[in-house]
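Asks: This is the structure I want to talk about, given as structure tokens.
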Amino acid sequence: MRETTQPRTSRYVLAVGLVLLLCGLLFGYDQGVISGALSGIEEDFDPSTLVIEIITSWVTLGAMVGALVAGVLADRLGRRFTLVLASGIFVAGALLEALAPGTVVLVVGRLVLGAGVGIASVAGPLYGAENAAARDRGRMVSLYQMAVTIGIFLAYFADYLLIESNGWRLMLGISAVPAVVLVLVIWPLRDSATWYAKVGRRTDAEAVVRLAEPDVDAAARVDEIERGLASEQAASWGEVFSPTWRKPLVVAAGLAVLQQLTGINAIIYYANTIFAAAGFDSPTQQSLATLWAVGGVNVLATLIAVVYVDRFGRKPLLMIGSTGMLLSLLLVAGAFARLDEVTASDSAAHGPSNAGLLALVGMVTFIASFAFSLGPIVWTVINEVFPSHVRGKGVAAATALNWFAAWVVTQTFLSVVDLTSTSGAFLIFAFFCVVTLFFVHRYLPETKGRTLEEVQEMWTDPDALQQAISSRD
Ligand code: BGC
């Protein structure tokens with residue numbers, strides 16, 4: 001057989017990929033699992049709407065704080081040890097949740113677990129990206145995206161298996177297992193060469209390069225890493241918020257917030273509750289609808305983005321996806337308006353009505369449209385718009401904002417439904433889809449096929465920027 005010229009991905013990098021996969025699974029599992037756990041928690045503790053919202057959403061508050069401190073921890077302790085720490089926090093949170101005697105401990109467990117998720121959501125991709133050779137880096141990011149959606153799917157599957165036996169404690173506790181596996185996988189590995197270089201451990205840095213990229217000259221590669229680090233050191237928070245970089249900051253922060261205000265996590269977290277309102281009577285029926293219509297569709301449509309993002313470009317996919325989300329939200333809102341009428345005239349039959357099935361179709365289309373557009377592409381864009389020396393802090397700020405917006409939506413969704421109606425809540429999300437369409441059309445430059453350096457130069461060249469913004473969408 002002929003030798004290929006493409007160097008093979010080393011076993012070490014595959015092990016790093018496994019770490020990233022586990023981080024994504026953990027993240028996704030904890031996003032999804034609460035949907036099926038809520039009915040059992042309600043049965044056991046009889047919480048008010050506000051307490052249900054707190055139990056559901058405070059995981060995102062914990063994650064916001066975790067994401068904010070993760071950068072400092074990853075620099076001080078190293079990426080690898082930060083991930084071990086995140087796993088420990090994670091296991092503690094999962095156990096608190098699983099053994100909670102009442103809602104207060106449950107909420108504390110959600111916060112603690114959220115902090116673990118937030119730390120891992122920053123340190124995991126950082127560890128993965130720094131350990132991968134340039135040719136594997138794109139694949140690492142896609143792998144992480146896929147893992148998040150697979151984690152959500154697995155959580156829905158656990159919900160489906162355990163819901164009849166009111167197994168919410170087990171549903172929540174299971175997430176400790178991948179965290180323990182994560183520690184076992186990462187323990188024998190080294191930190192990233194970038195971190196070793198940062199703290200002056202050059203011999204260790206070279207040793208890691210020899211493991212990760214056996215075919216390159218380790219000393220030369222570490223020289224290159226050191227040069228990159230020297231030019232990155234300068235950025236302070238002041239510089240991230242300085243007028244020079246306001247445009248990429250607005251683009252990243254705007255997309256981070258709009259990704260949440262268009263409602264994805266109201267559906268991911270409250271899917272079973274929504275399907276119950278749509279007439280899916282038994283918890284098993286609700287769980288099945290959630291498993292396939294939300295979980296399965298989410299995984300499949302994410303694959304489309306992974307394959308096409310570099311072929312079609314970010315802008316067209318975002319415009320098509322946001323339009324699909326807008327139309328499907330209008331459909332869901334219409335279906336729920338009809339469901340409310342039917343319920344009001346008290347002719348509710350058992351099982352989902354036509355309007356209930358229409359709501360299901362709308363939710364499937366919404367999830368699919370999100371999963372090939374705003375879902376993954378927002379993260380791609382956030383990671384490529386900042387110049388390298390402000391990237392770390394810029395990405396952290398956008399990520400924390402994203403968690404904050406997720407918290408606002410999941411904290412208020414049920415109350416907004418109570419105050420207006422289910423269709424009222426979906427119309428608000430539809431409004432933000434219109435804002436997203438305007439924002440992407442007006443402010444987002446196309447970054448497909450440009451090097452990160454070209455993207456950086458564009459922000460200070462008004463003509464080039466305008467040209468990239470008005471490139472086909
Ligand atoms: C979002 C998450 C969301 C997930 C759903 C991600 O891109 O940031 O908040 O739960 O997609 O697949």
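Identifiers in this document derive from the order of the structure tokens: chains are assigned A, B, ..., residues are numbered from 1 separately in each chain, and ligands are numbered from 1 in order of occurrence.
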Residues within 7 Å of ligand 1, counting only C-alpha atoms and all ligand atoms: report them as an mmCIF file with all heavy atoms, in the first residue's frame.

Replies:
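What ended up in part_5.cif:
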data_model
loop_
_atom_site.group_PDB
_atom_site.id
_atom_site.type_symbol
_atom_site.label_atom_id
_atom_site.label_comp_id
_atom_site.auth_asym_id
_atom_site.auth_seq_id
_atom_site.Cartn_x
_atom_site.Cartn_y
_atom_site.Cartn_z
ATOM 1 N N GLN A 31 -27.864 20.158 29.997
ATOM 2 C CA GLN A 31 -28.852 21.049 29.390
ATOM 3 C C GLN A 31 -30.176 20.298 29.258
ATOM 4 O O GLN A 31 -31.237 20.845 29.507
ATOM 5 C CB GLN A 31 -28.420 21.473 27.975
ATOM 6 C CG GLN A 31 -27.127 22.179 27.884
ATOM 7 C CD GLN A 31 -27.330 23.677 27.850
ATOM 8 O OE1 GLN A 31 -27.295 24.335 28.869
ATOM 9 N NE2 GLN A 31 -27.559 24.199 26.683
ATOM 10 N N VAL A 148 -22.146 18.090 22.274
ATOM 11 C CA VAL A 148 -23.174 18.773 23.082
ATOM 12 C C VAL A 148 -24.559 18.246 22.694
ATOM 13 O O VAL A 148 -25.370 17.882 23.558
ATOM 14 C CB VAL A 148 -23.112 20.308 22.879
ATOM 15 C CG1 VAL A 148 -24.297 20.988 23.547
ATOM 16 C CG2 VAL A 148 -21.810 20.874 23.430
ATOM 17 N N THR A 149 -24.810 18.159 21.378
ATOM 18 C CA THR A 149 -26.151 17.720 20.971
ATOM 19 C C THR A 149 -26.356 16.230 21.303
ATOM 20 O O THR A 149 -27.458 15.829 21.678
ATOM 21 C CB THR A 149 -26.403 17.971 19.465
ATOM 22 O OG1 THR A 149 -25.414 17.280 18.715
ATOM 23 C CG2 THR A 149 -26.348 19.435 19.124
ATOM 24 N N GLN A 260 -29.798 33.052 22.266
ATOM 25 C CA GLN A 260 -30.644 32.615 23.381
ATOM 26 C C GLN A 260 -32.029 33.259 23.359
ATOM 27 O O GLN A 260 -33.017 32.606 23.670
ATOM 28 C CB GLN A 260 -29.945 32.922 24.710
ATOM 29 C CG GLN A 260 -28.649 32.156 24.903
ATOM 30 C CD GLN A 260 -28.855 30.642 24.928
ATOM 31 O OE1 GLN A 260 -29.899 30.165 25.338
ATOM 32 N NE2 GLN A 260 -27.859 29.890 24.477
ATOM 33 N N ILE A 264 -34.157 28.922 22.096
ATOM 34 C CA ILE A 264 -33.766 27.506 22.039
ATOM 35 C C ILE A 264 -33.867 26.800 23.388
ATOM 36 O O ILE A 264 -34.399 25.696 23.486
ATOM 37 C CB ILE A 264 -32.341 27.343 21.437
ATOM 38 C CG1 ILE A 264 -31.953 25.860 21.341
ATOM 39 C CG2 ILE A 264 -31.262 28.053 22.255
ATOM 40 C CD1 ILE A 264 -32.776 25.067 20.392
ATOM 41 N N ASN A 265 -33.361 27.434 24.452
ATOM 42 C CA ASN A 265 -33.306 26.682 25.699
ATOM 43 C C ASN A 265 -34.640 26.615 26.438
ATOM 44 O O ASN A 265 -34.828 25.759 27.299
ATOM 45 C CB ASN A 265 -32.179 27.202 26.593
ATOM 46 C CG ASN A 265 -30.848 26.646 26.115
ATOM 47 O OD1 ASN A 265 -30.779 25.512 25.642
ATOM 48 N ND2 ASN A 265 -29.800 27.440 26.183
ATOM 49 N N ILE A 268 -35.381 23.357 24.867
ATOM 50 C CA ILE A 268 -34.526 22.263 25.346
ATOM 51 C C ILE A 268 -34.868 21.916 26.808
ATOM 52 O O ILE A 268 -34.964 20.754 27.170
ATOM 53 C CB ILE A 268 -33.023 22.663 25.251
ATOM 54 C CG1 ILE A 268 -32.621 22.946 23.801
ATOM 55 C CG2 ILE A 268 -32.124 21.637 25.913
ATOM 56 C CD1 ILE A 268 -32.253 21.762 22.975
ATOM 57 N N ASN A 298 -32.028 17.543 16.585
ATOM 58 C CA ASN A 298 -30.921 18.451 16.914
ATOM 59 C C ASN A 298 -29.568 17.868 16.476
ATOM 60 O O ASN A 298 -28.750 18.545 15.853
ATOM 61 C CB ASN A 298 -30.943 18.693 18.432
ATOM 62 C CG ASN A 298 -30.105 19.875 18.864
ATOM 63 O OD1 ASN A 298 -29.727 20.712 18.053
ATOM 64 N ND2 ASN A 298 -29.809 19.948 20.141
ATOM 65 N N ALA A 371 -30.396 24.221 14.617
ATOM 66 C CA ALA A 371 -29.222 23.356 14.744
ATOM 67 C C ALA A 371 -28.251 23.480 13.571
ATOM 68 O O ALA A 371 -27.072 23.189 13.717
ATOM 69 C CB ALA A 371 -29.649 21.903 14.922
ATOM 70 N N LEU A 374 -27.915 29.111 13.910
ATOM 71 C CA LEU A 374 -27.498 29.814 15.131
ATOM 72 C C LEU A 374 -26.754 28.914 16.124
ATOM 73 O O LEU A 374 -25.869 29.366 16.834
ATOM 74 C CB LEU A 374 -28.722 30.409 15.838
ATOM 75 C CG LEU A 374 -29.257 31.748 15.329
ATOM 76 C CD1 LEU A 374 -30.458 32.179 16.152
ATOM 77 C CD2 LEU A 374 -28.191 32.821 15.394
ATOM 78 N N GLY A 375 -27.136 27.632 16.210
ATOM 79 C CA GLY A 375 -26.514 26.720 17.182
ATOM 80 C C GLY A 375 -24.998 26.708 17.052
ATOM 81 O O GLY A 375 -24.279 27.258 17.885
ATOM 82 N N PRO A 376 -24.485 26.085 15.988
ATOM 83 C CA PRO A 376 -23.027 26.002 15.878
ATOM 84 C C PRO A 376 -22.350 27.265 15.339
ATOM 85 O O PRO A 376 -21.247 27.602 15.753
ATOM 86 C CB PRO A 376 -22.811 24.833 14.917
ATOM 87 C CG PRO A 376 -24.091 24.684 14.190
ATOM 88 C CD PRO A 376 -25.187 25.235 15.037
ATOM 89 N N TRP A 379 -21.012 30.058 17.612
ATOM 90 C CA TRP A 379 -19.740 29.744 18.286
ATOM 91 C C TRP A 379 -18.557 29.875 17.338
ATOM 92 O O TRP A 379 -17.484 30.332 17.715
ATOM 93 C CB TRP A 379 -19.790 28.352 18.922
ATOM 94 C CG TRP A 379 -20.799 28.325 20.035
ATOM 95 C CD1 TRP A 379 -21.951 27.603 20.078
ATOM 96 C CD2 TRP A 379 -20.781 29.122 21.239
ATOM 97 N NE1 TRP A 379 -22.648 27.884 21.225
ATOM 98 C CE2 TRP A 379 -21.956 28.814 21.953
ATOM 99 C CE3 TRP A 379 -19.910 30.066 21.757
ATOM 100 C CZ2 TRP A 379 -22.268 29.403 23.173
ATOM 101 C CZ3 TRP A 379 -20.219 30.657 22.977
ATOM 102 C CH2 TRP A 379 -21.383 30.322 23.671
ATOM 103 N N ALA A 406 -29.231 32.953 28.467
ATOM 104 C CA ALA A 406 -29.907 31.653 28.638
ATOM 105 C C ALA A 406 -30.642 31.637 29.972
ATOM 106 O O ALA A 406 -31.760 31.128 30.090
ATOM 107 C CB ALA A 406 -28.887 30.518 28.582
#

Asks: So that I can see what lies close to Leu444 (chain A), please list as an MDAnalysis selection string the residues with an atom at most 8 Å from it, counting only C-alpha atoms and leaving out residues fewer than 6 positions away in the same chain.

Replies: chainID A and resid 251 315 469

Asks: Just how far from CA of Phe372 (chain A) is CA of Ala305 (chain A), in Å to one decimal?

Replies: 4.6 Å

Asks: Could you build a table of the residues in region 289-346 of chain A lying no more than 12 Å from region 366-370 of chain A, giving for each the nearest pair of atoms and their separation in Å rounded to one decimal place, using only C-alpha atoms, ordered by chain and ascending residue number, as CSV?

Replies:
residue,atom,partner,partner_atom,distance
A:Thr290,CA,A:Ile367,CA,11.1
A:Trp292,CA,A:Ile367,CA,11.0
A:Ala293,CA,A:Ile367,CA,8.1
A:Val294,CA,A:Ile367,CA,6.3
A:Gly295,CA,A:Ile367,CA,8.8
A:Gly296,CA,A:Ala368,CA,9.7
A:Val297,CA,A:Ala368,CA,6.0
A:Asn298,CA,A:Ile367,CA,5.9
A:Val299,CA,A:Ala368,CA,8.9
A:Leu300,CA,A:Ala368,CA,8.0
A:Ala301,CA,A:Ala368,CA,5.3
A:Thr302,CA,A:Ala368,CA,8.0
A:Leu303,CA,A:Ala368,CA,10.5
A:Ile304,CA,A:Ala368,CA,9.6
A:Ala305,CA,A:Phe370,CA,10.1
A:Leu317,CA,A:Ser369,CA,9.3
A:Leu318,CA,A:Phe370,CA,8.8
A:Met319,CA,A:Ser369,CA,10.1
A:Ile320,CA,A:Ser369,CA,7.8
A:Gly321,CA,A:Ser369,CA,4.6
A:Ser322,CA,A:Ser369,CA,7.0
A:Thr323,CA,A:Ser369,CA,8.2
A:Gly324,CA,A:Ser369,CA,5.5
A:Met325,CA,A:Phe366,CA,4.8
A:Leu326,CA,A:Phe366,CA,8.0
A:Leu327,CA,A:Phe366,CA,8.2
A:Ser328,CA,A:Phe366,CA,5.4
A:Leu329,CA,A:Phe366,CA,6.8
A:Leu330,CA,A:Phe366,CA,10.0
A:Leu331,CA,A:Phe366,CA,9.6
A:Val332,CA,A:Phe366,CA,9.1
A:Ala333,CA,A:Phe366,CA,11.9

Asks: Those residues with N, CA and C atoms, as a JSON list (two decimals), in the first residue's frame please?

Replies:
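Produced file again_33.json, reproduced below:
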[["chain", "number", "residue", "atom", "x", "y", "z"],
["A", 290, "THR", "N", -40.07, 14.40, 22.97],
["A", 290, "THR", "CA", -38.87, 15.19, 23.25],
["A", 290, "THR", "C", -37.62, 14.50, 22.71],
["A", 292, "TRP", "N", -37.11, 12.31, 20.24],
["A", 292, "TRP", "CA", -36.88, 12.30, 18.80],
["A", 292, "TRP", "C", -37.04, 13.67, 18.17],
["A", 293, "ALA", "N", -38.16, 14.37, 18.50],
["A", 293, "ALA", "CA", -38.45, 15.64, 17.81],
["A", 293, "ALA", "C", -37.45, 16.72, 18.19],
["A", 294, "VAL", "N", -36.99, 16.71, 19.43],
["A", 294, "VAL", "CA", -36.01, 17.72, 19.83],
["A", 294, "VAL", "C", -34.60, 17.14, 19.81],
["A", 295, "GLY", "N", -34.38, 16.04, 20.57],
["A", 295, "GLY", "CA", -33.02, 15.49, 20.71],
["A", 295, "GLY", "C", -32.45, 14.94, 19.41],
["A", 296, "GLY", "N", -33.20, 14.05, 18.74],
["A", 296, "GLY", "CA", -32.70, 13.40, 17.53],
["A", 296, "GLY", "C", -32.50, 14.40, 16.40],
["A", 297, "VAL", "N", -33.51, 15.25, 16.20],
["A", 297, "VAL", "CA", -33.43, 16.24, 15.10],
["A", 297, "VAL", "C", -32.25, 17.19, 15.33],
["A", 298, "ASN", "N", -32.03, 17.54, 16.58],
["A", 298, "ASN", "CA", -30.92, 18.45, 16.91],
["A", 298, "ASN", "C", -29.57, 17.87, 16.48],
["A", 299, "VAL", "N", -29.35, 16.58, 16.77],
["A", 299, "VAL", "CA", -28.07, 15.94, 16.39],
["A", 299, "VAL", "C", -27.93, 15.92, 14.86],
["A", 300, "LEU", "N", -28.99, 15.47, 14.18],
["A", 300, "LEU", "CA", -28.90, 15.32, 12.71],
["A", 300, "LEU", "C", -28.65, 16.65, 12.02],
["A", 301, "ALA", "N", -29.41, 17.69, 12.45],
["A", 301, "ALA", "CA", -29.26, 18.97, 11.76],
["A", 301, "ALA", "C", -27.91, 19.63, 12.06],
["A", 302, "THR", "N", -27.31, 19.32, 13.22],
["A", 302, "THR", "CA", -25.98, 19.86, 13.51],
["A", 302, "THR", "C", -24.96, 19.32, 12.51],
["A", 303, "LEU", "N", -25.17, 18.04, 12.10],
["A", 303, "LEU", "CA", -24.29, 17.43, 11.11],
["A", 303, "LEU", "C", -24.27, 18.26, 9.82],
["A", 304, "ILE", "N", -25.45, 18.79, 9.44],
["A", 304, "ILE", "CA", -25.52, 19.60, 8.21],
["A", 304, "ILE", "C", -24.58, 20.79, 8.32],
["A", 305, "ALA", "N", -24.62, 21.47, 9.47],
["A", 305, "ALA", "CA", -23.76, 22.64, 9.64],
["A", 305, "ALA", "C", -22.30, 22.25, 9.57],
["A", 317, "LEU", "N", -26.23, 30.64, 5.81],
["A", 317, "LEU", "CA", -26.82, 29.64, 6.71],
["A", 317, "LEU", "C", -27.58, 30.32, 7.86],
["A", 318, "LEU", "N", -27.02, 31.42, 8.38],
["A", 318, "LEU", "CA", -27.70, 32.13, 9.48],
["A", 318, "LEU", "C", -29.01, 32.74, 8.99],
["A", 319, "MET", "N", -29.00, 33.33, 7.78],
["A", 319, "MET", "CA", -30.22, 33.96, 7.26],
["A", 319, "MET", "C", -31.30, 32.89, 7.01],
["A", 320, "ILE", "N", -30.91, 31.77, 6.38],
["A", 320, "ILE", "CA", -31.90, 30.72, 6.09],
["A", 320, "ILE", "C", -32.41, 30.12, 7.41],
["A", 321, "GLY", "N", -31.49, 29.83, 8.33],
["A", 321, "GLY", "CA", -31.88, 29.22, 9.61],
["A", 321, "GLY", "C", -32.81, 30.13, 10.41],
["A", 322, "SER", "N", -32.47, 31.43, 10.50],
["A", 322, "SER", "CA", -33.31, 32.34, 11.29],
["A", 322, "SER", "C", -34.69, 32.50, 10.66],
["A", 323, "THR", "N", -34.74, 32.48, 9.31],
["A", 323, "THR", "CA", -36.05, 32.55, 8.66],
["A", 323, "THR", "C", -36.87, 31.31, 9.00],
["A", 324, "GLY", "N", -36.21, 30.13, 8.94],
["A", 324, "GLY", "CA", -36.91, 28.89, 9.30],
["A", 324, "GLY", "C", -37.40, 28.94, 10.74],
["A", 325, "MET", "N", -36.56, 29.47, 11.64],
["A", 325, "MET", "CA", -36.96, 29.56, 13.06],
["A", 325, "MET", "C", -38.16, 30.48, 13.21],
["A", 326, "LEU", "N", -38.12, 31.63, 12.50],
["A", 326, "LEU", "CA", -39.23, 32.60, 12.57],
["A", 326, "LEU", "C", -40.54, 31.95, 12.14],
["A", 327, "LEU", "N", -40.51, 31.30, 10.95],
["A", 327, "LEU", "CA", -41.75, 30.71, 10.44],
["A", 327, "LEU", "C", -42.26, 29.60, 11.36],
["A", 328, "SER", "N", -41.32, 28.77, 11.87],
["A", 328, "SER", "CA", -41.81, 27.67, 12.72],
["A", 328, "SER", "C", -42.33, 28.18, 14.06],
["A", 329, "LEU", "N", -41.75, 29.27, 14.58],
["A", 329, "LEU", "CA", -42.29, 29.82, 15.83],
["A", 329, "LEU", "C", -43.70, 30.37, 15.62],
["A", 330, "LEU", "N", -43.92, 30.99, 14.43],
["A", 330, "LEU", "CA", -45.27, 31.49, 14.14],
["A", 330, "LEU", "C", -46.26, 30.32, 14.09],
["A", 331, "LEU", "N", -45.78, 29.20, 13.50],
["A", 331, "LEU", "CA", -46.63, 28.00, 13.43],
["A", 331, "LEU", "C", -46.95, 27.49, 14.84],
["A", 332, "VAL", "N", -45.91, 27.39, 15.69],
["A", 332, "VAL", "CA", -46.11, 26.90, 17.06],
["A", 332, "VAL", "C", -47.07, 27.85, 17.80],
["A", 333, "ALA", "N", -46.87, 29.17, 17.64],
["A", 333, "ALA", "CA", -47.73, 30.14, 18.33],
["A", 333, "ALA", "C", -49.18, 29.98, 17.87]]

Asks: So which residues touch region 241-243 of chain A within 12 Å, counting only C-alpha atoms, skipping near sequence neighbours fewer than 2 positions away, as a compact mmCIF listing (two decimals) with N, CA and C atoms, in the first residue's frame?

Replies:
# COMPACT_ATOMS: atom_id res chain seq x y z
N ALA A 235 -2.99 42.27 25.85
CA ALA A 235 -4.40 42.69 25.98
C ALA A 235 -4.91 42.75 27.41
N SER A 236 -5.50 43.90 27.74
CA SER A 236 -6.15 44.04 29.05
C SER A 236 -7.65 44.12 28.77
N TRP A 237 -8.47 44.08 29.85
CA TRP A 237 -9.91 44.21 29.62
C TRP A 237 -10.22 45.55 28.95
N GLY A 238 -9.44 46.60 29.32
CA GLY A 238 -9.66 47.91 28.73
C GLY A 238 -9.56 47.83 27.22
N GLU A 239 -8.57 47.07 26.73
CA GLU A 239 -8.38 46.99 25.29
C GLU A 239 -9.54 46.23 24.62
N TRP A 245 -11.85 47.84 18.90
CA TRP A 245 -12.40 46.49 18.72
C TRP A 245 -13.89 46.44 19.04
N ARG A 246 -14.55 47.64 19.03
CA ARG A 246 -15.98 47.65 19.37
C ARG A 246 -16.80 46.84 18.37
N LYS A 247 -16.42 46.93 17.08
CA LYS A 247 -17.24 46.25 16.07
C LYS A 247 -17.24 44.72 16.26
N PRO A 248 -16.07 44.07 16.36
CA PRO A 248 -16.15 42.62 16.59
C PRO A 248 -16.83 42.29 17.92
N LEU A 249 -16.67 43.16 18.92
CA LEU A 249 -17.31 42.89 20.21
C LEU A 249 -18.84 42.92 20.06
N VAL A 250 -19.32 43.93 19.31
CA VAL A 250 -20.78 44.04 19.11
C VAL A 250 -21.30 42.82 18.33
N ALA A 253 -21.05 39.72 20.81
CA ALA A 253 -22.01 39.81 21.92
C ALA A 253 -23.44 39.75 21.39
N PHE A 386 -12.39 38.03 16.76
CA PHE A 386 -11.46 38.84 17.54
C PHE A 386 -10.02 38.68 17.07
N VAL A 390 -6.79 39.82 21.77
CA VAL A 390 -7.96 40.03 22.64
C VAL A 390 -8.93 38.85 22.59
N ARG A 391 -8.55 37.80 21.84
CA ARG A 391 -9.49 36.70 21.63
C ARG A 391 -9.92 36.03 22.94
N LYS A 393 -10.10 36.97 26.09
CA LYS A 393 -11.04 37.72 26.92
C LYS A 393 -12.34 38.01 26.18
N GLY A 394 -12.23 38.30 24.88
CA GLY A 394 -13.43 38.58 24.09
C GLY A 394 -14.36 37.38 24.06
N ALA A 397 -16.02 36.90 27.47
CA ALA A 397 -17.10 37.86 27.71
C ALA A 397 -18.35 37.45 26.95
N ALA A 398 -18.18 37.06 25.67
CA ALA A 398 -19.34 36.66 24.87
C ALA A 398 -19.98 35.39 25.44
N TRP A 459 -11.62 44.90 10.19
CA TRP A 459 -12.29 45.79 11.14
C TRP A 459 -11.77 47.22 11.07
N THR A 460 -10.52 47.38 10.60
CA THR A 460 -9.96 48.73 10.54
C THR A 460 -9.96 49.28 9.11

Asks: Can you pull out every residue within 9 Å of Trp58 (chain A), counting only C-alpha atoms, but drop anything in the same chain fewer than 2 positions away, and send it as a PyMOL selection string?

Replies: chain A and resi 53-56+60-63+107-108+110-111+114+407+410-411

Asks: Go ahead and save the picked residues with all heavy atoms, as a compact mmCIF listing (two decimals), in the first residue's frame.

Replies:
# COMPACT_ATOMS: atom_id res chain seq x y z
N GLU A 53 -38.81 27.38 38.01
CA GLU A 53 -37.93 28.14 37.11
C GLU A 53 -36.52 28.23 37.69
O GLU A 53 -35.53 28.13 36.96
CB GLU A 53 -38.49 29.54 36.89
CG GLU A 53 -39.69 29.54 35.95
CD GLU A 53 -40.38 30.91 35.87
OE1 GLU A 53 -40.39 31.65 36.89
OE2 GLU A 53 -40.91 31.24 34.81
N ILE A 54 -36.45 28.41 39.02
CA ILE A 54 -35.12 28.51 39.65
C ILE A 54 -34.38 27.18 39.54
O ILE A 54 -33.21 27.14 39.15
CB ILE A 54 -35.25 28.96 41.12
CG1 ILE A 54 -35.73 30.42 41.17
CG2 ILE A 54 -33.93 28.79 41.87
CD1 ILE A 54 -35.99 30.94 42.58
N ILE A 55 -35.09 26.08 39.84
CA ILE A 55 -34.45 24.75 39.74
C ILE A 55 -33.94 24.53 38.32
O ILE A 55 -32.86 24.00 38.10
CB ILE A 55 -35.46 23.64 40.12
CG1 ILE A 55 -35.80 23.73 41.61
CG2 ILE A 55 -34.91 22.26 39.77
CD1 ILE A 55 -36.96 22.84 42.03
N THR A 56 -34.74 24.95 37.35
CA THR A 56 -34.36 24.72 35.96
C THR A 56 -33.19 25.61 35.55
O THR A 56 -32.22 25.15 34.95
CB THR A 56 -35.56 25.01 35.02
OG1 THR A 56 -36.67 24.24 35.47
CG2 THR A 56 -35.23 24.65 33.58
N THR A 60 -27.59 27.58 34.71
CA THR A 60 -26.95 28.51 33.78
C THR A 60 -26.27 29.68 34.52
O THR A 60 -25.27 30.19 34.05
CB THR A 60 -27.95 29.09 32.75
OG1 THR A 60 -29.00 29.73 33.47
CG2 THR A 60 -28.55 28.04 31.87
N LEU A 61 -26.84 30.06 35.68
CA LEU A 61 -26.16 31.11 36.48
C LEU A 61 -24.81 30.59 36.97
O LEU A 61 -23.79 31.28 36.89
CB LEU A 61 -26.99 31.46 37.71
CG LEU A 61 -28.05 32.54 37.60
CD1 LEU A 61 -28.53 32.92 38.98
CD2 LEU A 61 -27.47 33.77 36.89
N GLY A 62 -24.81 29.35 37.48
CA GLY A 62 -23.55 28.72 37.92
C GLY A 62 -22.57 28.66 36.76
O GLY A 62 -21.38 28.94 36.91
N ALA A 63 -23.09 28.32 35.58
CA ALA A 63 -22.21 28.18 34.41
C ALA A 63 -21.63 29.53 34.01
O ALA A 63 -20.47 29.60 33.58
CB ALA A 63 -22.99 27.58 33.24
N VAL A 107 -31.45 23.24 44.54
CA VAL A 107 -31.01 24.46 43.85
C VAL A 107 -29.50 24.66 44.05
O VAL A 107 -28.78 25.01 43.10
CB VAL A 107 -31.80 25.69 44.35
CG1 VAL A 107 -31.17 26.98 43.84
CG2 VAL A 107 -33.25 25.60 43.91
N VAL A 108 -29.01 24.41 45.28
CA VAL A 108 -27.56 24.52 45.52
C VAL A 108 -26.82 23.55 44.59
O VAL A 108 -25.82 23.90 43.94
CB VAL A 108 -27.21 24.25 47.00
CG1 VAL A 108 -25.70 24.24 47.20
CG2 VAL A 108 -27.86 25.28 47.90
N ARG A 110 -27.80 22.45 41.70
CA ARG A 110 -27.85 22.97 40.33
C ARG A 110 -26.78 24.04 40.11
O ARG A 110 -26.12 24.08 39.09
CB ARG A 110 -29.23 23.59 40.01
CG ARG A 110 -30.39 22.66 40.12
CD ARG A 110 -30.47 21.67 39.02
NE ARG A 110 -30.84 22.24 37.75
CZ ARG A 110 -30.62 21.63 36.57
NH1 ARG A 110 -30.00 20.47 36.53
NH2 ARG A 110 -31.00 22.20 35.45
N LEU A 111 -26.63 24.93 41.11
CA LEU A 111 -25.62 26.00 40.99
C LEU A 111 -24.21 25.41 40.92
O LEU A 111 -23.39 25.81 40.08
CB LEU A 111 -25.69 26.91 42.22
CG LEU A 111 -26.59 28.14 42.14
CD1 LEU A 111 -26.61 28.85 43.48
CD2 LEU A 111 -26.08 29.10 41.05
N GLY A 114 -23.63 23.65 37.73
CA GLY A 114 -23.51 24.65 36.67
C GLY A 114 -22.10 25.22 36.64
O GLY A 114 -21.52 25.40 35.56
N TRP A 407 -30.00 32.22 30.98
CA TRP A 407 -30.64 32.28 32.30
C TRP A 407 -31.91 33.13 32.25
O TRP A 407 -32.96 32.70 32.75
CB TRP A 407 -29.66 32.85 33.34
CG TRP A 407 -30.34 33.08 34.65
CD1 TRP A 407 -30.71 32.13 35.55
CD2 TRP A 407 -30.74 34.34 35.19
NE1 TRP A 407 -31.35 32.71 36.61
CE2 TRP A 407 -31.38 34.06 36.42
CE3 TRP A 407 -30.64 35.66 34.75
CZ2 TRP A 407 -31.90 35.08 37.23
CZ3 TRP A 407 -31.16 36.66 35.55
CH2 TRP A 407 -31.78 36.37 36.77
N THR A 410 -34.68 31.00 30.52
CA THR A 410 -35.19 29.83 31.26
C THR A 410 -35.79 30.25 32.60
O THR A 410 -36.67 29.59 33.13
CB THR A 410 -34.09 28.76 31.48
OG1 THR A 410 -32.88 29.42 31.88
CG2 THR A 410 -33.82 27.99 30.22
N GLN A 411 -35.31 31.36 33.14
CA GLN A 411 -35.86 31.83 34.42
C GLN A 411 -37.26 32.41 34.25
O GLN A 411 -38.07 32.38 35.18
CB GLN A 411 -34.92 32.89 35.01
CG GLN A 411 -35.40 33.55 36.30
CD GLN A 411 -35.43 32.58 37.48
OE1 GLN A 411 -34.44 31.93 37.76
NE2 GLN A 411 -36.56 32.48 38.14

Asks: Of the candidates A:Met458, A:Ala133, A:Leu21, A:Ala256, which shows the shortest atom-to-atom distance to Thr9 (chain A), using only C-alpha atoms?

Replies: A:Ala133

Asks: Which residues are close to Val199 (chain A), i.e. within 12 Å by only C-alpha atoms, leaving aside same-chain residues fewer than 3 positions away? Reply as a list in words.

Replies: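 Answer for this query is Ala74, Asp75, Arg76, Leu77, Gly78, Asp191, Ser192, Ala193, Thr194, Trp195, Tyr196, Arg202, Thr203, Asp204, Ala205, Glu226 and Leu229 of chain A.
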
Asks: Would you please work out which residue, of A:Ala400, A:Leu68, A:Val361, A:Leu452, is nearest to Asn383 (chain A) when using only C-alpha atoms?

Replies: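 So, comparing all the options, the nearest one is A:Leu452.
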